[in-house]
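Asks: Here you go, one structure.
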Amino acid sequence: MHELALIQSLLDIVEDCAATDGFCRVNSLKLSFGRLSCLDRQCLEFAFSIQSAGTKAEGAILDFEILPARIRCLDCGREAAMDGAWDRCPSCRSQDVTLTGGTEELRLIEMEVD
Ligand SMILES: [Zn+2]
């Protein structure tokens with residue numbers, strides 16, 4: 001499971017910060033990833049609940065910001081966030097589109113600590 005490795009590196013970052021900043025507990029973590037990345041929120045939460053045990057992040061609340069899929073149309077130049085199907089330009093219906101967002105890997109964007 002890909003999520004286990006990602007959570008492990010997240011926890012490594014948290015421990016590094018704790019060593020530098022001297023906090024003793026993490027209250028919440030805000031994470032982001034792209035909608036089209038192959039990550040699953042439930043898997044991440046599950047991996048976190050197991051792997052954070054005994055670390056400073058144990059019991060922390062996870063908050064997710066899921067980045068939308070975005071395309072740019074190569075015909076009319078329009079950029080748009082796409083909810084459902086993302087294989088077609090919403091303006092000119094061209095299928096000549098390129099994906100510009102939504103595949104971002106897991107990132108830590110905020111951490112609230114005590
Ligand atoms: Zn277009």
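Residues in the structure tokens are named by chain (A, B, ... in the order shown) and by number from 1 within that chain; ligands are numbered from 1 in the order shown.
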Give the alpha helix (DSSP H) residues of stretch 37-105 of chain A, as assigned by DSSP on the backbone, as an mmCIF file with N, CA and C atoms, in the first residue's frame.
Replies:
```
data_model
loop_
_atom_site.group_PDB
_atom_site.id
_atom_site.type_symbol
_atom_site.label_atom_id
_atom_site.label_comp_id
_atom_site.auth_asym_id
_atom_site.auth_seq_id
_atom_site.Cartn_x
_atom_site.Cartn_y
_atom_site.Cartn_z
ATOM 1 N N ARG A 41 -8.288 8.596 0.631
ATOM 2 C CA ARG A 41 -8.367 9.272 1.916
ATOM 3 C C ARG A 41 -8.508 8.295 3.092
ATOM 4 N N GLN A 42 -9.378 7.306 2.919
ATOM 5 C CA GLN A 42 -9.581 6.320 3.983
ATOM 6 C C GLN A 42 -8.306 5.527 4.269
ATOM 7 N N CYS A 43 -7.597 5.173 3.209
ATOM 8 C CA CYS A 43 -6.336 4.440 3.382
ATOM 9 C C CYS A 43 -5.331 5.303 4.130
ATOM 10 N N LEU A 44 -5.295 6.588 3.802
ATOM 11 C CA LEU A 44 -4.362 7.496 4.474
ATOM 12 C C LEU A 44 -4.711 7.606 5.951
ATOM 13 N N GLU A 45 -5.995 7.751 6.241
ATOM 14 C CA GLU A 45 -6.417 7.870 7.639
ATOM 15 C C GLU A 45 -6.109 6.597 8.415
ATOM 16 N N PHE A 46 -6.331 5.472 7.754
ATOM 17 C CA PHE A 46 -6.073 4.179 8.383
ATOM 18 C C PHE A 46 -4.572 4.012 8.651
ATOM 19 N N ALA A 47 -3.766 4.297 7.636
ATOM 20 C CA ALA A 47 -2.312 4.191 7.787
ATOM 21 C C ALA A 47 -1.836 5.123 8.899
ATOM 22 N N PHE A 48 -2.414 6.319 8.936
ATOM 23 C CA PHE A 48 -1.999 7.295 9.939
ATOM 24 C C PHE A 48 -2.344 6.810 11.348
ATOM 25 N N SER A 49 -3.537 6.256 11.501
ATOM 26 C CA SER A 49 -3.958 5.822 12.839
ATOM 27 C C SER A 49 -3.044 4.723 13.369
ATOM 28 N N ILE A 50 -2.565 3.877 12.493
ATOM 29 C CA ILE A 50 -1.663 2.802 12.928
ATOM 30 C C ILE A 50 -0.253 3.339 13.157
ATOM 31 N N GLN A 51 0.241 4.086 12.180
ATOM 32 C CA GLN A 51 1.651 4.462 12.212
ATOM 33 C C GLN A 51 1.972 5.618 13.143
#
```
Asks: Could you list, as number ranges by chain, all the residues within 7 Å of ligand 1, counting only C-alpha atoms and all ligand atoms?
Replies: A: 73-78, 89-94
Asks: May I have the selected residues written with N, CA and C atoms, as a PDB file, in the first residue's frame?
Replies:
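The resulting file, selection38.pdb, is reproduced below:
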```pdb
ATOM      1  N   CYS A  73      -6.915  23.557 -22.486  1.00  0.00           N
ATOM      2  CA  CYS A  73      -7.299  23.193 -23.847  1.00  0.00           C
ATOM      3  C   CYS A  73      -6.236  23.677 -24.821  1.00  0.00           C
ATOM      4  N   LEU A  74      -5.770  22.786 -25.673  1.00  0.00           N
ATOM      5  CA  LEU A  74      -4.714  23.153 -26.628  1.00  0.00           C
ATOM      6  C   LEU A  74      -5.290  23.884 -27.836  1.00  0.00           C
ATOM      7  N   ASP A  75      -6.602  23.854 -27.995  1.00  0.00           N
ATOM      8  CA  ASP A  75      -7.234  24.553 -29.112  1.00  0.00           C
ATOM      9  C   ASP A  75      -7.579  25.994 -28.765  1.00  0.00           C
ATOM     10  N   CYS A  76      -8.315  26.198 -27.640  1.00  0.00           N
ATOM     11  CA  CYS A  76      -8.745  27.563 -27.310  1.00  0.00           C
ATOM     12  C   CYS A  76      -7.968  28.147 -26.134  1.00  0.00           C
ATOM     13  N   GLY A  77      -7.121  27.367 -25.504  1.00  0.00           N
ATOM     14  CA  GLY A  77      -6.270  27.895 -24.439  1.00  0.00           C
ATOM     15  C   GLY A  77      -6.935  28.017 -23.086  1.00  0.00           C
ATOM     16  N   ARG A  78      -8.174  27.646 -22.991  1.00  0.00           N
ATOM     17  CA  ARG A  78      -8.888  27.764 -21.728  1.00  0.00           C
ATOM     18  C   ARG A  78      -8.361  26.770 -20.685  1.00  0.00           C
ATOM     19  N   CYS A  89     -12.665  19.772 -23.523  1.00  0.00           N
ATOM     20  CA  CYS A  89     -12.719  21.185 -23.154  1.00  0.00           C
ATOM     21  C   CYS A  89     -14.172  21.616 -22.924  1.00  0.00           C
ATOM     22  N   PRO A  90     -14.451  22.303 -21.795  1.00  0.00           N
ATOM     23  CA  PRO A  90     -15.829  22.727 -21.528  1.00  0.00           C
ATOM     24  C   PRO A  90     -16.294  23.859 -22.445  1.00  0.00           C
ATOM     25  N   SER A  91     -15.378  24.573 -23.078  1.00  0.00           N
ATOM     26  CA  SER A  91     -15.775  25.680 -23.957  1.00  0.00           C
ATOM     27  C   SER A  91     -16.004  25.225 -25.388  1.00  0.00           C
ATOM     28  N   CYS A  92     -14.982  24.606 -25.956  1.00  0.00           N
ATOM     29  CA  CYS A  92     -15.081  24.296 -27.392  1.00  0.00           C
ATOM     30  C   CYS A  92     -15.237  22.807 -27.659  1.00  0.00           C
ATOM     31  N   ARG A  93     -15.334  22.001 -26.617  1.00  0.00           N
ATOM     32  CA  ARG A  93     -15.535  20.555 -26.715  1.00  0.00           C
ATOM     33  C   ARG A  93     -14.371  19.820 -27.375  1.00  0.00           C
ATOM     34  N   SER A  94     -13.265  20.524 -27.540  1.00  0.00           N
ATOM     35  CA  SER A  94     -12.106  19.857 -28.127  1.00  0.00           C
ATOM     36  C   SER A  94     -11.608  18.768 -27.184  1.00  0.00           C
TER      37      SER A  94
END
```
Asks: For A:Ser9, list every protein, DNA or RNA residue within 12 Å, evaluated using only C-alpha atoms, and leave out those in the same chain fewer than 5 positions away; present the list as a list in words.
Replies: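 Once the nearby chain positions are removed, what remains is His2, Glu3, Leu4, Val14, Glu15, Asp16, Ala47, Phe48, Gln51, Ser52, Leu106, Arg107 and Leu108 of chain A.
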Asks: With only C-alpha atoms as the basis for distance, which of A:Leu36, A:Leu6, A:Leu62, A:Ile109 is at the shortest distance from A:Asp83?
Replies: A:Leu36
Asks: So that I can check the secondary structure, give me every residue of chain A assigned strand (DSSP E) by backbone DSSP, as JSON, numbers by chain.
Replies: {"A": [26, 27, 28, 29, 30, 31, 32, 33, 34, 61, 62, 63, 64, 65, 66, 67, 69, 70, 71, 72, 73, 79, 80, 81, 82, 97, 98, 99, 100, 101, 107, 108, 109, 110, 111, 112, 113]}
Asks: Using N, CA and C atoms, can you write the selected residues to a file as a short mmCIF file (atom, residue, chain, number, x, y, z; two decimals), in the first residue's frame?
Replies:
```
data_model
loop_
_atom_site.label_atom_id
_atom_site.label_comp_id
_atom_site.auth_asym_id
_atom_site.auth_seq_id
_atom_site.Cartn_x
_atom_site.Cartn_y
_atom_site.Cartn_z
N VAL A 26 1.14 17.08 18.33
CA VAL A 26 0.52 17.63 17.13
C VAL A 26 -0.99 17.54 17.30
N ASN A 27 -1.69 18.66 17.13
CA ASN A 27 -3.15 18.65 17.26
C ASN A 27 -3.83 18.29 15.95
N SER A 28 -3.33 18.91 14.88
CA SER A 28 -3.93 18.60 13.59
C SER A 28 -2.93 18.79 12.47
N LEU A 29 -3.18 18.06 11.41
CA LEU A 29 -2.33 18.13 10.22
C LEU A 29 -3.22 18.37 9.01
N LYS A 30 -2.82 19.33 8.20
CA LYS A 30 -3.58 19.55 6.98
C LYS A 30 -2.75 19.04 5.81
N LEU A 31 -3.36 18.16 5.06
CA LEU A 31 -2.66 17.52 3.95
C LEU A 31 -3.39 17.83 2.65
N SER A 32 -2.65 17.83 1.58
CA SER A 32 -3.33 17.99 0.29
C SER A 32 -2.81 16.96 -0.69
N PHE A 33 -3.70 16.61 -1.61
CA PHE A 33 -3.28 15.76 -2.73
C PHE A 33 -4.27 15.95 -3.87
N GLY A 34 -3.84 15.59 -5.04
CA GLY A 34 -4.68 15.77 -6.23
C GLY A 34 -5.75 14.70 -6.32
N ILE A 61 -5.74 15.26 14.39
CA ILE A 61 -6.83 15.26 13.42
C ILE A 61 -6.24 15.51 12.03
N LEU A 62 -6.67 14.72 11.08
CA LEU A 62 -6.22 14.93 9.71
C LEU A 62 -7.28 15.71 8.95
N ASP A 63 -6.80 16.71 8.24
CA ASP A 63 -7.71 17.51 7.43
C ASP A 63 -7.16 17.45 6.01
N PHE A 64 -8.03 17.20 5.05
CA PHE A 64 -7.56 17.02 3.68
C PHE A 64 -8.06 18.12 2.75
N GLU A 65 -7.15 18.58 1.95
CA GLU A 65 -7.57 19.48 0.88
C GLU A 65 -7.31 18.72 -0.41
N ILE A 66 -8.38 18.38 -1.09
CA ILE A 66 -8.22 17.59 -2.31
C ILE A 66 -8.26 18.53 -3.51
N LEU A 67 -7.14 18.56 -4.22
CA LEU A 67 -7.00 19.51 -5.32
C LEU A 67 -7.75 19.00 -6.55
N ALA A 69 -9.00 18.28 -10.41
CA ALA A 69 -8.37 18.02 -11.70
C ALA A 69 -8.49 19.28 -12.53
N ARG A 70 -7.44 19.64 -13.24
CA ARG A 70 -7.47 20.84 -14.08
C ARG A 70 -6.96 20.47 -15.46
N ILE A 71 -7.58 21.05 -16.45
CA ILE A 71 -7.10 20.82 -17.81
C ILE A 71 -6.83 22.16 -18.51
N ARG A 72 -5.99 22.10 -19.51
CA ARG A 72 -5.81 23.25 -20.39
C ARG A 72 -6.10 22.77 -21.80
N CYS A 73 -6.92 23.56 -22.49
CA CYS A 73 -7.30 23.19 -23.85
C CYS A 73 -6.24 23.68 -24.82
N GLU A 79 -8.29 27.26 -19.44
CA GLU A 79 -7.95 26.37 -18.34
C GLU A 79 -9.15 26.23 -17.45
N ALA A 80 -9.42 25.03 -17.01
CA ALA A 80 -10.61 24.83 -16.18
C ALA A 80 -10.41 23.70 -15.19
N ALA A 81 -11.06 23.85 -14.04
CA ALA A 81 -11.11 22.76 -13.08
C ALA A 81 -12.26 21.85 -13.51
N MET A 82 -12.04 20.57 -13.44
CA MET A 82 -13.05 19.63 -13.91
C MET A 82 -13.53 18.75 -12.77
N VAL A 97 -6.83 18.21 -25.04
CA VAL A 97 -6.59 18.87 -23.76
C VAL A 97 -5.43 18.21 -23.03
N THR A 98 -4.81 19.00 -22.16
CA THR A 98 -3.72 18.44 -21.38
C THR A 98 -4.02 18.67 -19.90
N LEU A 99 -3.64 17.71 -19.10
CA LEU A 99 -3.91 17.78 -17.67
C LEU A 99 -2.88 18.68 -17.00
N THR A 100 -3.34 19.69 -16.25
CA THR A 100 -2.38 20.58 -15.59
C THR A 100 -2.48 20.49 -14.06
N GLY A 101 -3.42 19.75 -13.55
CA GLY A 101 -3.51 19.62 -12.09
C GLY A 101 -4.37 18.44 -11.72
N ARG A 107 1.03 16.16 0.25
CA ARG A 107 1.87 17.22 0.81
C ARG A 107 1.33 17.67 2.15
N LEU A 108 2.22 18.03 3.04
CA LEU A 108 1.81 18.59 4.32
C LEU A 108 1.73 20.09 4.13
N ILE A 109 0.56 20.69 4.35
CA ILE A 109 0.49 22.14 4.16
C ILE A 109 0.36 22.92 5.46
N GLU A 110 -0.16 22.30 6.49
CA GLU A 110 -0.26 23.01 7.77
C GLU A 110 -0.13 22.02 8.92
N MET A 111 0.43 22.52 10.01
CA MET A 111 0.52 21.65 11.18
C MET A 111 0.24 22.51 12.40
N GLU A 112 -0.68 22.06 13.22
CA GLU A 112 -0.98 22.79 14.45
C GLU A 112 -0.44 21.99 15.61
N VAL A 113 0.38 22.65 16.42
CA VAL A 113 1.06 21.93 17.49
C VAL A 113 0.89 22.61 18.85
#
```
Asks: Please determine, counting only C-alpha atoms, which residue among A:Ala5, A:Leu11, A:Arg25, A:Thr20 has the shortest atom-to-atom distance to A:Asp114.
Replies: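 Between A:Ala5, A:Leu11, A:Arg25, A:Thr20, the residue approaching A:Asp114 most closely is A:Arg25.
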